[in-house]
>>> print(open('structure-v6.cif').read())   # mmCIF, C-alpha atoms and all ligand atoms
data_coords
loop_
_atom_site.group_PDB
_atom_site.id
_atom_site.type_symbol
_atom_site.label_atom_id
_atom_site.label_comp_id
_atom_site.auth_asym_id
_atom_site.auth_seq_id
_atom_site.Cartn_x
_atom_site.Cartn_y
_atom_site.Cartn_z
ATOM 1 C CA MET A 451 3.407 5.427 241.435
ATOM 2 C CA SER A 452 0.833 7.267 239.333
ATOM 3 C CA ILE A 453 -2.836 6.705 240.059
ATOM 4 C CA GLN A 454 -3.199 4.913 236.735
ATOM 5 C CA LYS A 455 -0.285 2.550 237.411
ATOM 6 C CA ALA A 456 -1.488 1.920 240.937
ATOM 7 C CA PHE A 457 -4.921 1.076 239.562
ATOM 8 C CA ILE A 458 -3.480 -1.490 237.103
ATOM 9 C CA PHE A 459 -1.325 -2.894 239.879
ATOM 10 C CA ILE A 460 -4.319 -3.345 242.180
ATOM 11 C CA SER A 461 -6.267 -4.904 239.322
ATOM 12 C CA ILE A 462 -3.507 -7.484 238.856
ATOM 13 C CA LEU A 463 -3.342 -8.157 242.555
ATOM 14 C CA THR A 464 -7.022 -8.696 242.991
ATOM 15 C CA ASN A 465 -7.440 -10.455 239.666
ATOM 16 C CA ILE A 466 -10.475 -8.358 239.014
ATOM 17 C CA VAL A 467 -11.216 -7.270 235.491
ATOM 18 C CA ILE A 468 -12.476 -3.740 235.444
ATOM 19 C CA ILE A 469 -13.711 -2.105 232.331
ATOM 20 C CA SER A 470 -13.764 1.527 233.195
ATOM 21 C CA GLY A 471 -15.755 4.259 231.578
ATOM 22 C CA CYS A 472 -19.295 5.544 231.859
ATOM 23 C CA GLY A 473 -21.471 3.004 233.614
ATOM 24 C CA ALA A 474 -18.352 0.937 234.476
ATOM 25 C CA THR A 475 -18.850 -2.843 234.470
ATOM 26 C CA ILE A 476 -17.080 -4.877 237.146
ATOM 27 C CA THR A 477 -16.683 -8.599 236.657
ATOM 28 C CA THR A 478 -14.928 -11.056 238.903
ATOM 29 C CA PRO A 479 -13.400 -14.182 237.392
ATOM 30 C CA THR A 480 -15.079 -17.510 237.994
ATOM 31 C CA LEU A 481 -12.924 -19.530 240.360
ATOM 32 C CA PRO A 482 -12.450 -23.241 239.661
ATOM 33 C CA PRO A 483 -14.497 -25.430 242.014
ATOM 34 C CA ILE A 484 -12.631 -26.788 245.042
ATOM 35 C CA PRO A 485 -12.338 -30.544 244.683
ATOM 36 C CA PRO A 486 -14.028 -32.437 247.510
ATOM 37 C CA LEU A 487 -11.801 -34.121 250.072
ATOM 38 C CA ILE A 488 -12.143 -37.827 249.525
ATOM 39 C CA LEU A 489 -11.019 -40.231 252.187
ATOM 40 C CA THR A 490 -10.886 -43.677 250.738
ATOM 41 C CA GLU A 491 -11.476 -46.624 252.971
ATOM 42 C CA PRO A 492 -8.621 -49.108 252.962
ATOM 43 C CA PRO A 493 -9.131 -51.877 250.452
ATOM 44 C CA VAL A 494 -10.336 -54.980 252.223
ATOM 45 C CA GLY A 495 -8.419 -58.126 251.379
ATOM 46 C CA GLY A 496 -6.535 -56.138 248.781
ATOM 47 C CA ASP A 497 -4.213 -57.768 246.366
ATOM 48 C CA TRP A 498 -0.966 -57.490 248.269
ATOM 49 C CA THR A 499 2.242 -58.639 246.721
ATOM 50 C CA ILE A 500 5.843 -57.992 247.613
ATOM 51 C CA PRO A 501 7.466 -56.146 244.766
ATOM 52 C CA GLU A 502 10.522 -57.707 243.213
ATOM 53 C CA LEU A 503 13.471 -56.023 244.767
ATOM 54 C CA LYS A 504 17.174 -56.235 245.213
ATOM 55 C CA LEU A 505 16.587 -56.013 248.947
ATOM 56 C CA THR A 506 13.881 -57.570 251.003
ATOM 57 C CA ALA A 507 11.700 -54.723 252.154
ATOM 58 C CA PRO A 508 10.589 -54.537 255.768
ATOM 59 C CA LEU A 509 8.056 -51.890 254.819
ATOM 60 C CA VAL A 510 5.362 -52.353 252.250
ATOM 61 C CA PHE A 511 2.094 -50.520 251.940
ATOM 62 C CA LEU A 512 -1.075 -52.282 250.994
ATOM 63 C CA LEU A 513 -0.951 -50.388 247.742
ATOM 64 C CA PRO A 514 2.428 -51.747 246.725
ATOM 65 C CA GLY A 515 4.066 -51.144 243.445
ATOM 66 C CA GLU A 516 2.613 -47.678 243.516
ATOM 67 C CA PRO A 517 5.512 -45.409 244.299
ATOM 68 C CA GLY A 518 4.490 -41.838 244.846
ATOM 69 C CA MET A 519 5.654 -38.436 245.917
ATOM 70 C CA CYS A 520 7.521 -38.368 249.200
ATOM 71 C CA GLY A 521 8.239 -35.518 251.591
ATOM 72 C CA THR A 522 11.751 -34.260 251.980
ATOM 73 C CA HIS A 523 14.895 -36.058 250.959
ATOM 74 C CA PHE A 524 16.727 -37.654 253.859
ATOM 75 C CA LYS A 525 18.694 -34.751 255.337
ATOM 76 C CA ASP A 526 20.105 -33.353 258.588
ATOM 77 C CA SER A 527 16.926 -31.524 259.540
ATOM 78 C CA HIS A 528 14.716 -34.538 258.719
ATOM 79 C CA LYS A 529 16.532 -37.844 259.113
ATOM 80 C CA ALA A 530 13.613 -39.844 257.827
ATOM 81 C CA ILE A 531 11.456 -40.235 254.760
ATOM 82 C CA ASP A 532 7.815 -39.210 254.669
ATOM 83 C CA TYR A 533 5.930 -41.713 252.563
ATOM 84 C CA PHE A 534 2.699 -40.409 251.132
ATOM 85 C CA SER A 535 1.810 -43.656 249.380
ATOM 86 C CA GLY A 536 -1.399 -44.809 250.916
ATOM 87 C CA LYS A 537 -4.301 -42.613 251.904
ATOM 88 C CA ALA A 538 -5.592 -42.260 255.476
ATOM 89 C CA LYS A 539 -6.222 -45.643 257.094
ATOM 90 C CA THR A 540 -4.269 -47.598 254.494
ATOM 91 C CA GLU A 541 -2.737 -50.667 256.075
ATOM 92 C CA ILE A 542 1.036 -50.646 256.500
ATOM 93 C CA LYS A 543 2.188 -54.219 256.191
ATOM 94 C CA ALA A 544 5.355 -55.990 257.166
ATOM 95 C CA SER A 545 6.877 -57.866 254.279
ATOM 96 C CA ALA A 546 9.171 -59.811 256.587
ATOM 97 C CA PRO A 547 8.955 -61.250 260.093
ATOM 98 C CA GLY A 548 9.866 -58.807 262.853
ATOM 99 C CA ARG A 549 9.182 -57.985 266.466
ATOM 100 C CA ILE A 550 7.401 -54.935 267.810
ATOM 101 C CA VAL A 551 9.619 -53.493 270.537
ATOM 102 C CA LYS A 552 7.764 -50.265 271.282
ATOM 103 C CA ARG A 553 4.280 -48.825 270.817
ATOM 104 C CA ASN A 554 3.516 -45.197 271.610
ATOM 105 C CA SER A 555 -0.020 -43.888 271.622
ATOM 106 C CA VAL A 556 -1.013 -40.287 270.919
ATOM 107 C CA CYS A 557 -0.200 -37.679 273.571
ATOM 108 C CA ASN A 558 -2.533 -34.893 274.596
ATOM 109 C CA SER A 559 -2.461 -31.707 272.504
ATOM 110 C CA GLN A 560 -0.372 -29.757 275.021
ATOM 111 C CA GLN A 561 2.289 -32.469 275.097
ATOM 112 C CA VAL A 562 2.355 -32.470 271.290
ATOM 113 C CA LEU A 563 2.798 -28.682 271.264
ATOM 114 C CA ASN A 564 5.674 -28.848 273.749
ATOM 115 C CA ASP A 565 7.422 -31.681 271.984
ATOM 116 C CA LYS A 566 9.913 -30.777 269.269
ATOM 117 C CA ILE A 567 11.175 -34.080 267.935
ATOM 118 C CA GLY A 568 10.233 -36.566 270.614
ATOM 119 C CA SER A 569 7.681 -39.288 270.563
ATOM 120 C CA CYS A 570 4.678 -36.982 271.138
ATOM 121 C CA ALA A 571 5.450 -35.072 267.929
ATOM 122 C CA LEU A 572 5.422 -38.394 266.105
ATOM 123 C CA GLY A 573 1.884 -39.239 267.155
ATOM 124 C CA ALA A 574 0.957 -42.891 267.422
ATOM 125 C CA ASN A 575 4.078 -44.833 266.476
ATOM 126 C CA ILE A 576 5.512 -48.295 266.458
ATOM 127 C CA THR A 577 9.115 -49.513 266.423
ATOM 128 C CA VAL A 578 9.838 -52.881 264.860
ATOM 129 C CA GLU A 579 13.058 -54.878 265.143
ATOM 130 C CA TYR A 580 14.087 -56.803 262.031
ATOM 131 C CA THR A 581 17.053 -59.079 261.496
ATOM 132 C CA CYS A 582 19.992 -57.757 259.485
ATOM 133 C CA ASP A 583 19.733 -60.847 257.296
ATOM 134 C CA LEU A 584 16.931 -59.093 255.436
ATOM 135 C CA ILE A 585 19.384 -56.889 253.632
ATOM 136 C CA ASP A 586 22.074 -57.979 251.232
ATOM 137 C CA GLN A 587 25.625 -58.476 252.431
ATOM 138 C CA GLU A 588 27.060 -55.416 250.766
ATOM 139 C CA THR A 589 24.491 -53.067 252.302
ATOM 140 C CA ARG A 590 24.813 -54.840 255.642
ATOM 141 C CA LYS A 591 28.524 -54.175 255.673
ATOM 142 C CA ARG A 592 28.027 -50.585 254.647
ATOM 143 C CA LEU A 593 25.507 -49.993 257.437
ATOM 144 C CA GLY A 594 27.424 -51.925 260.077
ATOM 145 C CA CYS A 595 24.512 -54.267 260.458
ATOM 146 C CA ASP A 596 26.488 -57.317 261.578
ATOM 147 C CA LYS A 597 25.994 -60.302 263.826
ATOM 148 C CA GLY A 598 24.262 -59.328 267.040
ATOM 149 C CA GLN A 599 22.837 -56.193 265.432
ATOM 150 C CA SER A 600 19.308 -55.534 264.218
ATOM 151 C CA ILE A 601 17.544 -52.967 262.059
ATOM 152 C CA PHE A 602 15.017 -50.931 264.021
ATOM 153 C CA ILE A 603 12.315 -49.124 262.100
ATOM 154 C CA ARG A 604 9.955 -46.579 263.599
ATOM 155 C CA TYR A 605 6.682 -45.908 261.745
ATOM 156 C CA SER A 606 5.028 -42.678 262.897
ATOM 157 C CA HIS A 607 1.865 -40.554 262.654
ATOM 158 C CA LEU A 608 -0.238 -43.721 262.595
ATOM 159 C CA GLU A 609 -4.001 -43.628 262.892
ATOM 160 C CA SER A 610 -4.778 -43.392 266.601
ATOM 161 C CA GLY A 611 -5.509 -46.819 268.074
ATOM 162 C CA SER A 612 -3.959 -48.770 265.216
ATOM 163 C CA GLU A 613 -0.668 -48.948 267.118
ATOM 164 C CA ILE A 614 -2.051 -51.476 269.570
ATOM 165 C CA SER A 615 -3.611 -54.035 267.269
ATOM 166 C CA ALA A 616 -0.605 -55.732 265.698
ATOM 167 C CA PRO A 617 0.811 -58.815 267.433
ATOM 168 C CA ASP A 618 4.270 -58.459 269.044
ATOM 169 C CA ASP A 619 5.708 -61.084 266.747
ATOM 170 C CA LEU A 620 5.048 -60.027 263.204
ATOM 171 C CA GLU A 621 4.783 -62.422 260.329
ATOM 172 C CA ALA A 622 5.219 -61.280 256.769
ATOM 173 C CA GLY A 623 1.884 -59.842 255.705
ATOM 174 C CA ASP A 624 0.786 -58.701 259.154
ATOM 175 C CA THR A 625 -0.569 -55.182 259.459
ATOM 176 C CA ILE A 626 1.734 -52.988 261.528
ATOM 177 C CA GLY A 627 -0.694 -50.086 261.722
ATOM 178 C CA LEU A 628 -2.764 -47.716 259.615
ATOM 179 C CA VAL A 629 -1.611 -44.589 257.838
ATOM 180 C CA GLY A 630 -2.683 -41.577 259.891
ATOM 181 C CA SER A 631 -1.854 -37.985 260.676
ATOM 182 C CA THR A 632 -1.408 -37.956 264.460
ATOM 183 C CA GLY A 633 1.144 -35.779 266.261
ATOM 184 C CA LYS A 634 2.776 -32.913 264.388
ATOM 185 C CA SER A 635 1.521 -33.749 260.954
ATOM 186 C CA THR A 636 -0.313 -31.831 258.278
ATOM 187 C CA GLY A 637 -1.847 -34.775 256.455
ATOM 188 C CA PRO A 638 -1.834 -38.566 256.189
ATOM 189 C CA HIS A 639 1.661 -39.933 255.665
ATOM 190 C CA THR A 640 4.112 -42.310 257.306
ATOM 191 C CA HIS A 641 7.300 -40.872 258.751
ATOM 192 C CA VAL A 642 9.838 -43.682 258.670
ATOM 193 C CA GLU A 643 13.143 -43.762 260.531
ATOM 194 C CA VAL A 644 15.759 -46.506 260.451
ATOM 195 C CA LYS A 645 18.523 -47.217 262.951
ATOM 196 C CA ILE A 646 20.880 -50.054 263.749
ATOM 197 C CA GLY A 647 21.225 -51.360 267.299
ATOM 198 C CA THR A 648 22.142 -54.349 269.390
ATOM 199 C CA SER A 649 19.660 -57.176 268.964
ATOM 200 C CA GLY A 650 17.225 -57.494 271.801
ATOM 201 C CA SER A 651 18.556 -54.501 273.724
ATOM 202 C CA TYR A 652 16.024 -51.872 272.721
ATOM 203 C CA TYR A 653 14.788 -49.456 275.352
ATOM 204 C CA SER A 654 14.413 -46.243 273.381
ATOM 205 C CA PHE A 655 14.824 -45.219 269.769
ATOM 206 C CA ALA A 656 17.303 -42.537 270.826
ATOM 207 C CA ASN A 657 19.438 -45.233 272.438
ATOM 208 C CA LEU A 658 20.098 -46.954 269.137
ATOM 209 C CA SER A 659 22.873 -46.021 266.710
ATOM 210 C CA LYS A 660 23.621 -42.307 266.854
ATOM 211 C CA ASN A 661 22.836 -41.686 263.241
ATOM 212 C CA PRO A 662 19.611 -42.681 261.592
ATOM 213 C CA ILE A 663 20.040 -44.387 258.251
ATOM 214 C CA ASN A 664 18.427 -43.243 255.067
ATOM 215 C CA PRO A 665 15.410 -45.585 254.743
ATOM 216 C CA GLU A 666 15.976 -45.639 251.005
ATOM 217 C CA LEU A 667 19.097 -47.737 251.547
ATOM 218 C CA VAL A 668 17.020 -50.609 252.856
ATOM 219 C CA PHE A 669 13.642 -50.057 251.220
ATOM 220 C CA PRO A 670 12.540 -50.300 247.666
ATOM 221 C CA LYS A 671 12.467 -47.117 245.713
ATOM 222 C CA MET A 672 9.019 -45.962 246.708
ATOM 223 C CA CYS A 673 9.542 -42.263 246.033
ATOM 224 C CA THR A 674 8.952 -41.001 242.533
ATOM 225 C CA GLY A 675 9.907 -37.528 243.679
ATOM 226 C CA TYR A 676 10.127 -35.255 246.690
ATOM 227 C CA ILE A 677 8.134 -32.234 247.619
ATOM 228 C CA ASP A 678 11.196 -30.288 248.860
HETATM 229 ZN ZN ZN B 1 8.578 -36.673 258.591
#
>>> encode(input="structure-v6.cif", output="structure tokens")
Amino acid sequence: MSIQKAFIFISILTNIVIISGCGATITTPTLPPIPPLILTEPPVGGDWTIPELKLTAPLVFLLPGEPGMCGTHFKDSHKAIDYFSGKAKTEIKASAPGRIVKRNSVCNSQQVLNDKIGSCALGANITVEYTCDLIDQETRKRLGCDKGQSIFIRYSHLESGSEISAPDDLEAGDTIGLVGSTGKSTGPHTHVEVKIGTSGSYYSFANLSKNPINPELVFPKMCTGYID
């Protein structure tokens, strides 16, 4: 590469405008200001309504009816959906009665580091059991969610401490937890996994049906797009 070409190349790389010649002037471009990070407090007593849906939705954020960008599509390497709707500390509400069958609090940082896909990587998380009756017959059949079976939903990366406040028996409208970024997470979002299992027999999420179900089969369409 000639010196001249190399010079132009470096100029492009560094985004520096150089006017060469006698008494050369060097100007650097003005960078746009970095927007401040705004953490919005959760709305208190917000106007919460269950959106009209084909299926009853066991997961509704306090800012319902506001679908947004989601993480990856449901796929082999990420059998869940990452919901970004709701900023840090937004309340995640149950839109149907359910029962909390497991609460996991945050692990220490070393445990999080050593954990690939286990509960520590998921930060504070809660698993709720819902009746199969919440979904329409066709979907129930498709998912094998029959008599004696339940839908189990794990909500992860919750705000630390919010996993212990919900009552065991959830009524529609109860807060399950707050959106957080605990565990292996790069920002506030809710990692949601769905599985089918025998009613009342929960002892670990891994023990439920082998294959997690795409949450979008039982939830309203809350993703307007995916980052991947
Ligand atoms: Zn995720």
>>> closest_residue(input="structure-v6.cif", among="A:Val644, A:Cys595, A:Leu620, A:Ile576", to="Leu608 of chain A", atoms="only C-alpha atoms")
A:Ile576
>>> closest_residue(input="structure-v6.cif", among="A:Lys660, A:His528, A:Lys634, A:His639", to="Asn564 of chain A", atoms="only C-alpha atoms")
A:Lys634
>>> closest_residue(input="structure-v6.cif", among="A:Ser654, A:Asn661, A:Ser606, A:Ser615", to="ligand ZN 1 (chain B)", atoms="all atoms listed in the file")
A:Ser606
>>> atom_distance(input="structure-v6.cif", atom1="atom CA of Ser527 of chain A", atom2="atom CA of Gly650 of chain A")
28.7 Å
>>> atom_distance(input="structure-v6.cif", atom1="atom CA of Tyr653 of chain A", atom2="atom CA of Gly623 of chain A")
25.7 Å
>>> atom_distance(input="structure-v6.cif", atom1="atom CA of Ile603 of chain A", atom2="atom CA of Tyr580 of chain A")
7.9 Å
>>> resolve_selection(input="structure-v6.cif", expression="the PyMOL selection byres (((chain A and resi 611) around 9) and not hetatm)", output="list in words")
Ser555, Val556, Ala574, Leu608, Glu609, Ser610, Ser612, Glu613, Ile614, Ser615, Gly627 and Leu628 of chain A
>>> closest_residue(input="structure-v6.cif", among="A:Val642, A:Val578, A:Val629, A:Val668", to="Arg549 of chain A", atoms="all atoms listed in the file")
A:Val578
>>> closest_residue(input="structure-v6.cif", among="A:His523, A:Arg590, A:Lys552, A:Lys543", to="ligand ZN 1 (chain B)", atoms="all atoms listed in the file")
A:His523
>>> closest_residue(input="structure-v6.cif", among="A:Thr581, A:Ser651, A:Ser631, A:Gln561", to="ligand ZN 1 (chain B)", atoms="all atoms listed in the file")
A:Ser631
>>> residues_near_ligand(input="structure-v6.cif", ligand="ligand ZN 1 (chain B)", cutoff="7 Å", atoms="all atoms listed in the file", output="list in words")
His528, Ala530, Ile531, Asp532 and His641 of chain A
>>> residues_near_point(input="structure-v6.cif", point="(14.9, -58.1, 258.9)", cutoff="9 Å", atoms="only C-alpha atoms", output="ChimeraX atom specification")
/A:506-508,546-548,579-585,600-602
>>> resolve_selection(input="structure-v6.cif", expression="the PyMOL selection byres (((chain A and resi 618) around 6) and not hetatm)", output="list in words")
Arg549, Ile550, Pro617 and Asp619 of chain A
>>> residues_around(input="structure-v6.cif", residues="Ile626 of chain A", least_positions_apart="2", cutoff="7 Å", atoms="all atoms listed in the file", output="PyMOL selection string")
chain A and resi 542-544+616+624
>>> resolve_selection(input="structure-v6.cif", expression="the PyMOL selection byres (((chain A and resi 648) around 8) and not hetatm)", output="PDB file with C-alpha atoms, in the coordinates of the input")
ATOM      1  CA  GLY A 598      24.262 -59.328 267.040  1.00  0.00           C
ATOM      2  CA  GLN A 599      22.837 -56.193 265.432  1.00  0.00           C
ATOM      3  CA  SER A 600      19.308 -55.534 264.218  1.00  0.00           C
ATOM      4  CA  ILE A 646      20.880 -50.054 263.749  1.00  0.00           C
ATOM      5  CA  GLY A 647      21.225 -51.360 267.299  1.00  0.00           C
ATOM      6  CA  SER A 649      19.660 -57.176 268.964  1.00  0.00           C
ATOM      7  CA  GLY A 650      17.225 -57.494 271.801  1.00  0.00           C
ATOM      8  CA  SER A 651      18.556 -54.501 273.724  1.00  0.00           C
ATOM      9  CA  TYR A 652      16.024 -51.872 272.721  1.00  0.00           C
ATOM     10  CA  LEU A 658      20.098 -46.954 269.137  1.00  0.00           C
TER      11      LEU A 658
END
>>> residues_near_point(input="structure-v6.cif", point="(8.3, -40.1, 243.2)", cutoff="8 Å", atoms="all atoms listed in the file", output="NGL selection string")
:A and (517-520 or 672-676)
>>> axis_aligned_box(input="structure-v6.cif", around="segment 544-557 of chain A", padding_each_side="8 Å", output="AutoDock Vina command-line options")
--center_x 4.4 --center_y -49.5 --center_z 263.9 --size_x 26.9 --size_y 39.6 --size_z 35.3
